[in-house]
Amino acid sequence: MTLGDGVKAAALLFVAAVAQVSIFSQVHVFGAVPDVLLVSLVAVSLLRGSVAGAVGGFFAGLIVDTASLGTLGLTSLVLTLAGYWIGRYGETTGRDRAHAPFLSVAVVTVLYQLGLLVVHFVLGESAPAGAVVRSLVPAIVLNLILTAPIYALVRRLLRPVDRDELTTEVQLLG
Amino acid sequence: MAPPSRSARAAVLASSVQRSKPTPYPSKARSALIRRAIVVGLVIVALALVTISFRSPTAGALHDAQGVGSTVLRPFQIAATRIAQPFRDAYDYVDGLANARADLKRQKQIDRNLRERDIHIAAQAALLPSVLKLLHFVRGRSFPNDFRAVSTSVTSPPGGPFAHTLAIDAGSSDGVRLDSPVVSGEGLVGIVSNVFPHTAKVTLLTDPDSFASARDIDTQVRGMVHTGPGGTLILDQVSKQFRVKDGDKLVTAGTHNARYPDLYPYGIPIGTVTSVSATDTATFLQVQVQPFANLGSLESVAVLVPKKPRR
């Protein structure tokens with residue numbers, strides 16, 4: 001990942017985090033909130049790998065926690081793991097697959113919500129499992145609607161790298 | 001008898017061959033190690049931040065740093081809100097047109113109810129001075145005489161099922177103090193739970209830790225408003241002998257004992273009773289409340305700051 005890419009990804013995630021906290025958090029559809037930040041993070045992670053995903057998730061979460069005056073580090077923790085996991089998927093199985101962004105967004109939406117639920121529960125804060133479960137399907141649908149335009153935008157900003165530049169766990173033979 | 005070539009091939013295939021261990025790519029092994037170290041480091045830092053932030057939420061270096069961070073982010077949030085405002089206005093306009101007829105009908109009904117209630121309240125108010133004398137009622141702070149309102153915009157509304165807080169664009173430099181009541185044009189919103197120099201955190205009435213002493217202005221029954229099962233607001237601690245009915249309006253009850261002043265002054269509208277039920281086993285009535293304030297989409301609120309500091 002070049003310096004230019006890093007700056008672009010940072011700017012993108014910053015804008016997404018501010019927009020999420022200030023604008024999209026007010027949009028409630030069937031109890032769910034569209035998550036522009038999560039979808040942007042998935043796109044960056046798929047295109048730039050696990051390290052970019054983890055670092056991007058950490059700092060984007062920090063912005064969210066700071067702007068919303070929430071418990072610092074809480075969103076960072078969950079987004080770091082989400083970014084890392086999606087990045088690994090992009091580096092290995094999901095590379096060059098057209099359905100990878102959609103599959104990633106659907107899965108990570110569920111894991112992100114459940115992760116937040118667990119962290120809030122562990123901290124003894126409000127953890128409404130029923131409300132979270134009820135809002136999962138609308139949240140997945142909303143995020144999937146956002147995936148195509150956001151992934152296209154991020155792909156324009158961060159051009160896909162060559163295969164050889166990506167880190168792989170699976171060593172290709174032959 | 002097998003041909004010689006075949007037996008030689010079979011002999012080779014049958015013999016056990018010691019496979020050489022795959023040689024790791026040094027650069028890739030190192031990058032995997034670095035990658036894992038980075039993610040583990042970030043997780044540890046995040047856990048440390050959560051721990052410190054959770055242990056001292058209203059003071060300390062991290063609290064100050066968060067205050068500075070929120071001040072830096074504030075212009076961006078305001079800019080984002082302003083960019084989104086035309087779209088929100090357009091949506092509200094279309095939504096308003098769609099619901100105009102139903103709203104008009106509802107408003108006419110409300111007007112009729114208010115006229116009836118005005119007469120009822122005026123009649124009751126005429127009796128109030130003598131009743132107060134009789135009860136030696138200890139008067140707490142009254143709203144709005146003993147408070148000044150700090151009007152401000154909401155910079156970070158509550159989003160998702162976990163969030164029962166919002167961030168506002170006013171802080172200690174504007175006079176906002178911890179535990180100040182927060183209201184919107186419709187009614188009670190919550191209470192200030194954390195104060196930074198230029199921002200503050202408001203814990204909403206729907207937070208599981210929020211409690212507000214309430215009074216039914218129609219029947220004068222007192223109770224405690226808080227979040228019940230399923231996340232709905234309920235009026236609790238009302239004995240079954242009292243009568244509460246659908247459509248009753250609730251306001252904050254204010255201070256009843258001067259030694260234990262209530263955080264909320266008397267008279268802030270809270271909500272309407274939407275259902276009342278009682279079971280044979282329960283001690284109290286089960287009263288569900290719909291808050292007047294639309295807590296999910298607040299754009300501006302007012303913080304009620306006491307003119308005299310609390311004792």
# chains A, B, ... in the order shown; residues from 1 in each chain; ligands from 1
call {"tool": "residues_around", "arguments": {"residues": "A:Leu142", "least_positions_apart": "6", "cutoff": "12 Å", "atoms": "only C-alpha atoms", "output": "list in words"}}
result
Phe24, Val27, His28, Val29, Phe30, Gly31, Ala32, Val33, Pro34, Asp35, Val36, Leu38, Val39, Phe102, Val105, Ala106, Thr109, Ser135, Leu136 and Ala148 of chain A
call {"tool": "interface_residues", "arguments": {"of": "chain B", "to": "chain A", "cutoff": "7 Å", "atoms": "only C-alpha atoms", "output": "PDB file with N, CA and C atoms, in the first residue's frame"}}
result
ATOM      1  N   LYS B  28       7.471 -13.651   3.242  1.00  0.00           N
ATOM      2  CA  LYS B  28       6.042 -13.843   3.515  1.00  0.00           C
ATOM      3  C   LYS B  28       5.808 -14.235   4.970  1.00  0.00           C
ATOM      4  N   ARG B  35       1.889  -8.694  10.315  1.00  0.00           N
ATOM      5  CA  ARG B  35       0.450  -8.471  10.201  1.00  0.00           C
ATOM      6  C   ARG B  35      -0.258  -8.849  11.506  1.00  0.00           C
ATOM      7  N   VAL B  39      -2.289  -6.404  14.321  1.00  0.00           N
ATOM      8  CA  VAL B  39      -3.694  -6.548  14.741  1.00  0.00           C
ATOM      9  C   VAL B  39      -3.785  -6.838  16.245  1.00  0.00           C
ATOM     10  N   LEU B  42      -3.206  -3.541  18.005  1.00  0.00           N
ATOM     11  CA  LEU B  42      -4.385  -2.660  17.929  1.00  0.00           C
ATOM     12  C   LEU B  42      -5.489  -3.126  18.877  1.00  0.00           C
ATOM     13  N   VAL B  43      -5.669  -4.433  18.950  1.00  0.00           N
ATOM     14  CA  VAL B  43      -6.705  -4.977  19.847  1.00  0.00           C
ATOM     15  C   VAL B  43      -6.341  -4.660  21.304  1.00  0.00           C
ATOM     16  N   ALA B  46      -7.003  -1.032  21.915  1.00  0.00           N
ATOM     17  CA  ALA B  46      -8.457  -0.804  22.009  1.00  0.00           C
ATOM     18  C   ALA B  46      -8.986  -1.268  23.368  1.00  0.00           C
ATOM     19  N   LEU B  47      -8.534  -2.427  23.814  1.00  0.00           N
ATOM     20  CA  LEU B  47      -8.984  -2.935  25.123  1.00  0.00           C
ATOM     21  C   LEU B  47      -8.536  -2.012  26.254  1.00  0.00           C
ATOM     22  N   LEU B  49      -7.997   1.216  25.981  1.00  0.00           N
ATOM     23  CA  LEU B  49      -8.838   2.420  25.909  1.00  0.00           C
ATOM     24  C   LEU B  49     -10.210   2.162  26.524  1.00  0.00           C
ATOM     25  N   VAL B  50     -10.775   1.004  26.199  1.00  0.00           N
ATOM     26  CA  VAL B  50     -12.099   0.657  26.762  1.00  0.00           C
ATOM     27  C   VAL B  50     -12.020   0.618  28.287  1.00  0.00           C
ATOM     28  N   SER B  53     -11.441   4.188  29.719  1.00  0.00           N
ATOM     29  CA  SER B  53     -12.633   5.005  29.481  1.00  0.00           C
ATOM     30  C   SER B  53     -13.795   4.544  30.346  1.00  0.00           C
ATOM     31  N   PHE B  54     -13.883   3.236  30.568  1.00  0.00           N
ATOM     32  CA  PHE B  54     -14.988   2.691  31.353  1.00  0.00           C
ATOM     33  C   PHE B  54     -14.796   2.963  32.841  1.00  0.00           C
ATOM     34  N   GLN B  66     -10.504  13.042  24.802  1.00  0.00           N
ATOM     35  CA  GLN B  66     -11.749  12.837  24.055  1.00  0.00           C
ATOM     36  C   GLN B  66     -12.474  14.174  23.850  1.00  0.00           C
ATOM     37  N   GLY B  69     -10.690  15.926  21.112  1.00  0.00           N
ATOM     38  CA  GLY B  69     -11.041  15.247  19.858  1.00  0.00           C
ATOM     39  C   GLY B  69     -12.430  15.619  19.383  1.00  0.00           C
ATOM     40  N   SER B  70     -13.379  15.643  20.310  1.00  0.00           N
ATOM     41  CA  SER B  70     -14.750  15.976  19.913  1.00  0.00           C
ATOM     42  C   SER B  70     -14.850  17.434  19.471  1.00  0.00           C
ATOM     43  N   LEU B  73     -13.551  17.540  15.973  1.00  0.00           N
ATOM     44  CA  LEU B  73     -14.478  16.913  15.018  1.00  0.00           C
ATOM     45  C   LEU B  73     -15.763  17.703  14.838  1.00  0.00           C
ATOM     46  N   PHE B  76     -16.602  19.438  11.490  1.00  0.00           N
ATOM     47  CA  PHE B  76     -16.899  18.459  10.434  1.00  0.00           C
ATOM     48  C   PHE B  76     -18.317  17.916  10.590  1.00  0.00           C
ATOM     49  N   GLN B  77     -18.696  17.666  11.839  1.00  0.00           N
ATOM     50  CA  GLN B  77     -20.041  17.146  12.092  1.00  0.00           C
ATOM     51  C   GLN B  77     -21.104  18.173  11.723  1.00  0.00           C
ATOM     52  N   ALA B  80     -21.333  18.318   8.005  1.00  0.00           N
ATOM     53  CA  ALA B  80     -22.066  17.153   7.483  1.00  0.00           C
ATOM     54  C   ALA B  80     -23.564  17.318   7.703  1.00  0.00           C
ATOM     55  N   THR B  81     -23.928  17.818   8.872  1.00  0.00           N
ATOM     56  CA  THR B  81     -25.348  18.022   9.165  1.00  0.00           C
ATOM     57  C   THR B  81     -25.950  19.055   8.218  1.00  0.00           C
ATOM     58  N   ALA B  84     -26.541  17.665   4.833  1.00  0.00           N
ATOM     59  CA  ALA B  84     -27.683  16.747   4.794  1.00  0.00           C
ATOM     60  C   ALA B  84     -29.013  17.466   5.003  1.00  0.00           C
ATOM     61  N   THR B 155     -25.186  17.100  17.741  1.00  0.00           N
ATOM     62  CA  THR B 155     -24.136  16.810  16.755  1.00  0.00           C
ATOM     63  C   THR B 155     -24.048  15.327  16.443  1.00  0.00           C
ATOM     64  N   SER B 156     -24.453  14.509  17.374  1.00  0.00           N
ATOM     65  CA  SER B 156     -24.384  13.070  17.133  1.00  0.00           C
ATOM     66  C   SER B 156     -25.636  12.422  17.715  1.00  0.00           C
ATOM     67  N   PRO B 157     -26.632  12.168  16.860  1.00  0.00           N
ATOM     68  CA  PRO B 157     -27.863  11.567  17.373  1.00  0.00           C
ATOM     69  C   PRO B 157     -27.675  10.099  17.719  1.00  0.00           C
ATOM     70  N   PRO B 158     -28.579   9.542  18.509  1.00  0.00           N
ATOM     71  CA  PRO B 158     -28.428   8.124  18.839  1.00  0.00           C
ATOM     72  C   PRO B 158     -28.683   7.261  17.616  1.00  0.00           C
ATOM     73  N   GLY B 159     -27.802   6.305  17.374  1.00  0.00           N
ATOM     74  CA  GLY B 159     -27.968   5.428  16.211  1.00  0.00           C
ATOM     75  C   GLY B 159     -27.880   3.974  16.617  1.00  0.00           C
ATOM     76  N   GLY B 160     -28.862   3.198  16.230  1.00  0.00           N
ATOM     77  CA  GLY B 160     -28.817   1.767  16.526  1.00  0.00           C
ATOM     78  C   GLY B 160     -29.397   1.420  17.871  1.00  0.00           C
ATOM     79  N   PRO B 161     -29.554   0.114  18.109  1.00  0.00           N
ATOM     80  CA  PRO B 161     -30.219  -0.318  19.335  1.00  0.00           C
ATOM     81  C   PRO B 161     -29.380  -0.148  20.599  1.00  0.00           C
ATOM     82  N   PHE B 162     -28.062   0.052  20.448  1.00  0.00           N
ATOM     83  CA  PHE B 162     -27.216   0.170  21.634  1.00  0.00           C
ATOM     84  C   PHE B 162     -27.192   1.584  22.187  1.00  0.00           C
ATOM     85  N   LEU B 166     -26.718  10.888  23.222  1.00  0.00           N
ATOM     86  CA  LEU B 166     -26.438  11.742  22.074  1.00  0.00           C
ATOM     87  C   LEU B 166     -25.436  12.807  22.495  1.00  0.00           C
ATOM     88  N   ALA B 167     -24.773  13.374  21.502  1.00  0.00           N
ATOM     89  CA  ALA B 167     -23.791  14.423  21.773  1.00  0.00           C
ATOM     90  C   ALA B 167     -24.381  15.760  21.353  1.00  0.00           C
ATOM     91  N   LYS B 201     -22.417  15.020  26.687  1.00  0.00           N
ATOM     92  CA  LYS B 201     -23.122  13.777  26.371  1.00  0.00           C
ATOM     93  C   LYS B 201     -24.433  13.754  27.153  1.00  0.00           C
ATOM     94  N   PRO B 208     -31.448   2.341  30.043  1.00  0.00           N
ATOM     95  CA  PRO B 208     -31.874   1.509  31.181  1.00  0.00           C
ATOM     96  C   PRO B 208     -31.510   2.098  32.545  1.00  0.00           C
ATOM     97  N   GLY B 296     -35.500   9.591  18.666  1.00  0.00           N
ATOM     98  CA  GLY B 296     -34.676   9.030  17.591  1.00  0.00           C
ATOM     99  C   GLY B 296     -34.207  10.060  16.585  1.00  0.00           C
ATOM    100  N   SER B 297     -34.891  11.186  16.483  1.00  0.00           N
ATOM    101  CA  SER B 297     -34.501  12.159  15.452  1.00  0.00           C
ATOM    102  C   SER B 297     -34.544  13.578  16.003  1.00  0.00           C
TER     103      SER B 297
END
call {"tool": "select_by_dssp", "arguments": {"residues": "stretch 23-235 of chain B", "states": "strand (DSSP E or B)", "output": "PyMOL selection string"}}
result
chain B and resi 142+147-156+165-168+181-183+188-195+200-204+211-216+222-227+233-235
call {"tool": "write_last_selection", "arguments": {"atoms": "N, CA and C atoms", "output": "tab-separated table (two decimals), in the first residue's frame"}}
result
chain	number	residue	atom	x	y	z
B	142	SER	N	-38.60	25.35	40.54
B	142	SER	CA	-39.69	25.26	39.56
B	142	SER	C	-39.16	25.56	38.17
B	147	PHE	N	-34.47	28.15	36.21
B	147	PHE	CA	-33.52	27.59	35.25
B	147	PHE	C	-33.34	28.55	34.07
B	148	ARG	N	-32.17	28.47	33.48
B	148	ARG	CA	-32.01	29.15	32.19
B	148	ARG	C	-31.73	28.08	31.15
B	149	ALA	N	-32.23	28.30	29.97
B	149	ALA	CA	-32.10	27.27	28.92
B	149	ALA	C	-30.89	27.57	28.04
B	150	VAL	N	-30.04	26.56	27.85
B	150	VAL	CA	-28.94	26.67	26.90
B	150	VAL	C	-29.37	25.88	25.66
B	151	SER	N	-29.75	26.62	24.62
B	151	SER	CA	-30.21	25.95	23.40
B	151	SER	C	-29.01	25.53	22.56
B	152	THR	N	-29.09	24.35	22.02
B	152	THR	CA	-27.95	23.83	21.26
B	152	THR	C	-28.42	22.79	20.25
B	153	SER	N	-27.53	22.48	19.31
B	153	SER	CA	-27.90	21.48	18.31
B	153	SER	C	-27.31	20.12	18.69
B	154	VAL	N	-27.92	19.09	18.15
B	154	VAL	CA	-27.43	17.73	18.38
B	154	VAL	C	-26.40	17.41	17.32
B	155	THR	N	-25.19	17.10	17.74
B	155	THR	CA	-24.14	16.81	16.76
B	155	THR	C	-24.05	15.33	16.44
B	156	SER	N	-24.45	14.51	17.37
B	156	SER	CA	-24.38	13.07	17.13
B	156	SER	C	-25.64	12.42	17.72
B	165	THR	N	-27.60	7.49	24.02
B	165	THR	CA	-26.98	8.77	24.33
B	165	THR	C	-26.89	9.59	23.05
B	166	LEU	N	-26.72	10.89	23.22
B	166	LEU	CA	-26.44	11.74	22.07
B	166	LEU	C	-25.44	12.81	22.50
B	167	ALA	N	-24.77	13.37	21.50
B	167	ALA	CA	-23.79	14.42	21.77
B	167	ALA	C	-24.38	15.76	21.35
B	168	ILE	N	-24.16	16.78	22.19
B	168	ILE	CA	-24.70	18.11	21.86
B	168	ILE	C	-23.56	19.11	21.72
B	181	PRO	N	-31.00	18.74	33.36
B	181	PRO	CA	-32.05	18.14	32.52
B	181	PRO	C	-31.97	18.69	31.10
B	182	VAL	N	-32.34	17.85	30.15
B	182	VAL	CA	-32.32	18.25	28.74
B	182	VAL	C	-33.72	18.04	28.17
B	183	VAL	N	-34.23	19.08	27.48
B	183	VAL	CA	-35.58	19.01	26.92
B	183	VAL	C	-35.54	19.37	25.44
B	188	LEU	N	-39.38	16.06	27.77
B	188	LEU	CA	-38.12	15.66	28.39
B	188	LEU	C	-37.33	14.73	27.47
B	189	VAL	N	-36.04	14.98	27.37
B	189	VAL	CA	-35.16	14.16	26.53
B	189	VAL	C	-34.28	13.26	27.41
B	190	GLY	N	-33.68	13.85	28.43
B	190	GLY	CA	-32.79	13.06	29.29
B	190	GLY	C	-32.00	13.97	30.20
B	191	ILE	N	-30.78	13.55	30.48
B	191	ILE	CA	-29.96	14.28	31.44
B	191	ILE	C	-28.51	14.30	30.97
B	192	VAL	N	-27.79	15.37	31.30
B	192	VAL	CA	-26.38	15.48	30.89
B	192	VAL	C	-25.58	14.50	31.75
B	193	SER	N	-24.89	13.58	31.09
B	193	SER	CA	-24.15	12.56	31.84
B	193	SER	C	-22.63	12.72	31.72
B	194	ASN	N	-22.17	13.57	30.84
B	194	ASN	CA	-20.73	13.81	30.72
B	194	ASN	C	-20.53	15.17	30.08
B	195	VAL	N	-19.62	15.95	30.63
B	195	VAL	CA	-19.43	17.32	30.12
B	195	VAL	C	-17.98	17.52	29.67
B	200	ALA	N	-21.15	17.99	25.12
B	200	ALA	CA	-21.63	17.23	26.29
B	200	ALA	C	-22.39	16.01	25.82
B	201	LYS	N	-22.42	15.02	26.69
B	201	LYS	CA	-23.12	13.78	26.37
B	201	LYS	C	-24.43	13.75	27.15
B	202	VAL	N	-25.49	13.43	26.45
B	202	VAL	CA	-26.82	13.39	27.08
B	202	VAL	C	-27.29	11.94	27.10
B	203	THR	N	-27.60	11.45	28.28
B	203	THR	CA	-28.19	10.11	28.39
B	203	THR	C	-29.70	10.23	28.29
B	204	LEU	N	-30.25	9.51	27.34
B	204	LEU	CA	-31.67	9.65	27.05
B	204	LEU	C	-32.54	9.00	28.12
B	211	PHE	N	-33.92	7.21	35.26
B	211	PHE	CA	-35.16	7.17	36.04
B	211	PHE	C	-35.64	8.62	36.23
B	212	ALA	N	-36.94	8.82	36.08
B	212	ALA	CA	-37.49	10.16	36.31
B	212	ALA	C	-38.77	10.03	37.12
B	213	SER	N	-38.80	10.77	38.21
B	213	SER	CA	-40.01	10.78	39.03
B	213	SER	C	-41.10	11.53	38.26
B	214	ALA	N	-42.28	10.91	38.13
B	214	ALA	CA	-43.30	11.48	37.25
B	214	ALA	C	-44.64	11.62	37.97
B	215	ARG	N	-45.46	12.52	37.44
B	215	ARG	CA	-46.80	12.73	38.00
B	215	ARG	C	-47.81	12.73	36.85
B	216	ASP	N	-48.89	12.03	37.07
B	216	ASP	CA	-49.99	12.03	36.10
B	216	ASP	C	-50.80	13.29	36.36
B	222	ARG	N	-48.43	9.54	41.34
B	222	ARG	CA	-46.98	9.65	41.14
B	222	ARG	C	-46.39	8.28	40.85
B	223	GLY	N	-45.29	8.28	40.14
B	223	GLY	CA	-44.61	7.02	39.84
B	223	GLY	C	-43.22	7.31	39.30
B	224	MET	N	-42.58	6.27	38.85
B	224	MET	CA	-41.22	6.41	38.35
B	224	MET	C	-41.19	5.97	36.88
B	225	VAL	N	-40.75	6.86	36.00
B	225	VAL	CA	-40.67	6.52	34.58
B	225	VAL	C	-39.27	5.97	34.29
B	226	HIS	N	-39.22	4.79	33.70
B	226	HIS	CA	-37.95	4.22	33.28
B	226	HIS	C	-38.20	3.20	32.18
B	227	THR	N	-37.14	2.64	31.65
B	227	THR	CA	-37.28	1.68	30.56
B	227	THR	C	-37.68	0.32	31.12
B	233	LEU	N	-40.90	2.61	27.42
B	233	LEU	CA	-40.95	3.39	28.66
B	233	LEU	C	-42.15	2.95	29.49
B	234	ILE	N	-41.96	2.83	30.79
B	234	ILE	CA	-43.09	2.48	31.65
B	234	ILE	C	-43.16	3.43	32.85
B	235	LEU	N	-44.36	3.57	33.37
B	235	LEU	CA	-44.55	4.29	34.64
B	235	LEU	C	-44.67	3.22	35.71
call {"tool": "residues_around", "arguments": {"residues": "B:Asp248", "least_positions_apart": "4", "cutoff": "12 Å", "atoms": "only C-alpha atoms", "output": "ChimeraX atom specification"}}
result
/B:113,117,214-221,235,243-244,269-276,287-291
call {"tool": "write_last_selection", "arguments": {"atoms": "C-alpha atoms", "output": "PDB file, in the first residue's frame"}}
result
ATOM      1  CA  ASN B 113     -59.418  18.016  24.575  1.00  0.00           C
ATOM      2  CA  ARG B 117     -58.782  20.457  30.174  1.00  0.00           C
ATOM      3  CA  ALA B 214     -43.305  11.480  37.247  1.00  0.00           C
ATOM      4  CA  ARG B 215     -46.804  12.727  37.996  1.00  0.00           C
ATOM      5  CA  ASP B 216     -49.990  12.028  36.098  1.00  0.00           C
ATOM      6  CA  ILE B 217     -51.486  15.505  35.673  1.00  0.00           C
ATOM      7  CA  ASP B 218     -54.960  14.071  35.144  1.00  0.00           C
ATOM      8  CA  THR B 219     -55.126  11.888  38.233  1.00  0.00           C
ATOM      9  CA  GLN B 220     -52.206  13.276  40.306  1.00  0.00           C
ATOM     10  CA  VAL B 221     -50.764   9.772  40.666  1.00  0.00           C
ATOM     11  CA  LEU B 235     -44.548   4.291  34.641  1.00  0.00           C
ATOM     12  CA  ARG B 243     -56.390   4.883  38.648  1.00  0.00           C
ATOM     13  CA  VAL B 244     -54.343   5.634  35.545  1.00  0.00           C
ATOM     14  CA  PRO B 269     -43.770  17.055  29.933  1.00  0.00           C
ATOM     15  CA  ILE B 270     -42.643  13.421  29.679  1.00  0.00           C
ATOM     16  CA  GLY B 271     -45.217  11.507  27.654  1.00  0.00           C
ATOM     17  CA  THR B 272     -48.651   9.980  27.273  1.00  0.00           C
ATOM     18  CA  VAL B 273     -49.957   6.794  28.807  1.00  0.00           C
ATOM     19  CA  THR B 274     -50.604   4.327  25.976  1.00  0.00           C
ATOM     20  CA  SER B 275     -51.725   1.249  27.877  1.00  0.00           C
ATOM     21  CA  VAL B 276     -52.578   0.235  31.426  1.00  0.00           C
ATOM     22  CA  VAL B 287     -48.319   1.399  32.555  1.00  0.00           C
ATOM     23  CA  GLN B 288     -46.698   1.948  29.172  1.00  0.00           C
ATOM     24  CA  VAL B 289     -45.677   5.461  28.203  1.00  0.00           C
ATOM     25  CA  GLN B 290     -45.038   7.040  24.807  1.00  0.00           C
ATOM     26  CA  PRO B 291     -42.557   9.922  25.217  1.00  0.00           C
TER      27      PRO B 291
END
call {"tool": "atom_distance", "arguments": {"atom1": "atom CA of A:Ser45", "atom2": "atom CA of A:Val141"}}
result
20.4 Å
call {"tool": "atom_distance", "arguments": {"atom1": "atom CA of A:Ala100", "atom2": "atom CA of B:Val45"}}
result
29.7 Å
call {"tool": "closest_residue", "arguments": {"among": "B:Lys240, B:Arg106, B:Lys307, B:His164", "to": "B:Arg177", "atoms": "only C-alpha atoms"}}
result
B:Lys307
call {"tool": "select_by_dssp", "arguments": {"residues": "stretch 6-168 of chain A", "states": "helix (DSSP H, G or I)", "output": "number ranges by chain"}}
result
A: 6-22, 24-26, 36-67, 74-91, 100-122, 129-157, 163-165
call {"tool": "atom_distance", "arguments": {"atom1": "atom CA of B:Leu250", "atom2": "atom CA of B:Gln237"}}
result
14.1 Å
